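Novice: Pasting a structure here, questions to come.
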Amino acid sequence: MGLIQLFNYKKKRFTLLDVASDEIAMFALALLIAKYWMSATSLAWYWYVIIFVVFVIKPMIAMLKK
């Protein structure tokens with residue numbers, strides 16, 4: 001079993017609290033990167049919207065299919 005398959009197997013067993021903790025940890029990491037890498041926060045606002053839309057399409061499709 002490869003590393004990706006192992007992570008996917010383990011992720012399926014997450015509870016709601018596990019998922020929320022993971023999301024908060026990733027948000028904190030993003031804030032840390034933004035604090036120390038100023039060019040990441042110097043983009044115009046619409047670039048953040050474009051990035052958001054691009055990355056939210058797949059989860060929304062998966063959620064609406066079920």
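All residue names refer to the structure tokens as shown: chains lettered A, B, ... in order, residues numbered from 1 in each chain, ligands numbered from 1 in order.
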Can you pull out every residue from chain A that DSSP, working from the backbone, puts in helix (DSSP H, G or I), and format the result as an NGL selection string?

Specialist: :A and (3-11 or 16-36 or 38-41 or 45-65)

Novice: Write out, as a PDB file, in the first residue's frame, the residues just selected, with C-alpha atoms.

Specialist:
ATOM      1  CA  LEU A   3       1.581   6.395   1.113  1.00  0.00           C
ATOM      2  CA  ILE A   4      -1.303   8.124  -0.705  1.00  0.00           C
ATOM      3  CA  GLN A   5      -3.537   5.065  -0.369  1.00  0.00           C
ATOM      4  CA  LEU A   6      -2.677   4.834   3.321  1.00  0.00           C
ATOM      5  CA  PHE A   7      -3.596   8.490   3.890  1.00  0.00           C
ATOM      6  CA  ASN A   8      -6.863   8.074   1.975  1.00  0.00           C
ATOM      7  CA  TYR A   9      -7.720   4.957   4.005  1.00  0.00           C
ATOM      8  CA  LYS A  10      -7.010   6.734   7.274  1.00  0.00           C
ATOM      9  CA  LYS A  11      -8.884   9.871   6.195  1.00  0.00           C
ATOM     10  CA  LEU A  16     -16.137  15.455  12.330  1.00  0.00           C
ATOM     11  CA  LEU A  17     -13.798  16.679  15.077  1.00  0.00           C
ATOM     12  CA  ASP A  18     -10.782  15.249  13.238  1.00  0.00           C
ATOM     13  CA  VAL A  19     -11.745  16.996  10.007  1.00  0.00           C
ATOM     14  CA  ALA A  20     -12.359  20.304  11.804  1.00  0.00           C
ATOM     15  CA  SER A  21      -9.001  20.072  13.576  1.00  0.00           C
ATOM     16  CA  ASP A  22      -7.271  19.365  10.281  1.00  0.00           C
ATOM     17  CA  GLU A  23      -8.946  22.356   8.625  1.00  0.00           C
ATOM     18  CA  ILE A  24      -7.979  24.697  11.476  1.00  0.00           C
ATOM     19  CA  ALA A  25      -4.385  23.444  11.354  1.00  0.00           C
ATOM     20  CA  MET A  26      -4.190  24.096   7.598  1.00  0.00           C
ATOM     21  CA  PHE A  27      -5.673  27.573   8.083  1.00  0.00           C
ATOM     22  CA  ALA A  28      -3.057  28.333  10.750  1.00  0.00           C
ATOM     23  CA  LEU A  29      -0.303  27.119   8.411  1.00  0.00           C
ATOM     24  CA  ALA A  30      -1.641  29.368   5.644  1.00  0.00           C
ATOM     25  CA  LEU A  31      -1.603  32.350   8.028  1.00  0.00           C
ATOM     26  CA  LEU A  32       1.980  31.554   9.020  1.00  0.00           C
ATOM     27  CA  ILE A  33       3.055  31.410   5.378  1.00  0.00           C
ATOM     28  CA  ALA A  34       1.257  34.684   4.667  1.00  0.00           C
ATOM     29  CA  LYS A  35       2.965  36.346   7.627  1.00  0.00           C
ATOM     30  CA  TYR A  36       6.482  35.469   6.531  1.00  0.00           C
ATOM     31  CA  MET A  38       4.739  39.062   2.012  1.00  0.00           C
ATOM     32  CA  SER A  39       4.480  38.624  -1.758  1.00  0.00           C
ATOM     33  CA  ALA A  40       1.748  36.016  -1.179  1.00  0.00           C
ATOM     34  CA  THR A  41      -0.505  38.694   0.298  1.00  0.00           C
ATOM     35  CA  TRP A  45      -8.287  40.570  -4.326  1.00  0.00           C
ATOM     36  CA  TYR A  46      -9.695  38.956  -7.469  1.00  0.00           C
ATOM     37  CA  TRP A  47      -6.778  36.501  -7.677  1.00  0.00           C
ATOM     38  CA  TYR A  48      -7.806  35.061  -4.328  1.00  0.00           C
ATOM     39  CA  VAL A  49     -11.376  34.718  -5.604  1.00  0.00           C
ATOM     40  CA  ILE A  50     -10.167  32.958  -8.765  1.00  0.00           C
ATOM     41  CA  ILE A  51      -8.018  30.550  -6.729  1.00  0.00           C
ATOM     42  CA  PHE A  52     -10.950  29.880  -4.391  1.00  0.00           C
ATOM     43  CA  VAL A  53     -13.348  29.158  -7.246  1.00  0.00           C
ATOM     44  CA  VAL A  54     -10.881  26.868  -9.017  1.00  0.00           C
ATOM     45  CA  PHE A  55     -10.282  24.790  -5.900  1.00  0.00           C
ATOM     46  CA  VAL A  56     -13.899  24.666  -4.721  1.00  0.00           C
ATOM     47  CA  ILE A  57     -15.315  23.317  -8.006  1.00  0.00           C
ATOM     48  CA  LYS A  58     -14.335  19.659  -7.484  1.00  0.00           C
ATOM     49  CA  PRO A  59     -15.613  19.358  -3.887  1.00  0.00           C
ATOM     50  CA  MET A  60     -18.865  21.063  -4.855  1.00  0.00           C
ATOM     51  CA  ILE A  61     -19.384  18.670  -7.777  1.00  0.00           C
ATOM     52  CA  ALA A  62     -18.665  15.690  -5.509  1.00  0.00           C
ATOM     53  CA  MET A  63     -21.037  17.019  -2.856  1.00  0.00           C
ATOM     54  CA  LEU A  64     -23.866  17.675  -5.310  1.00  0.00           C
ATOM     55  CA  LYS A  65     -23.548  14.257  -6.992  1.00  0.00           C
TER      56      LYS A  65
END
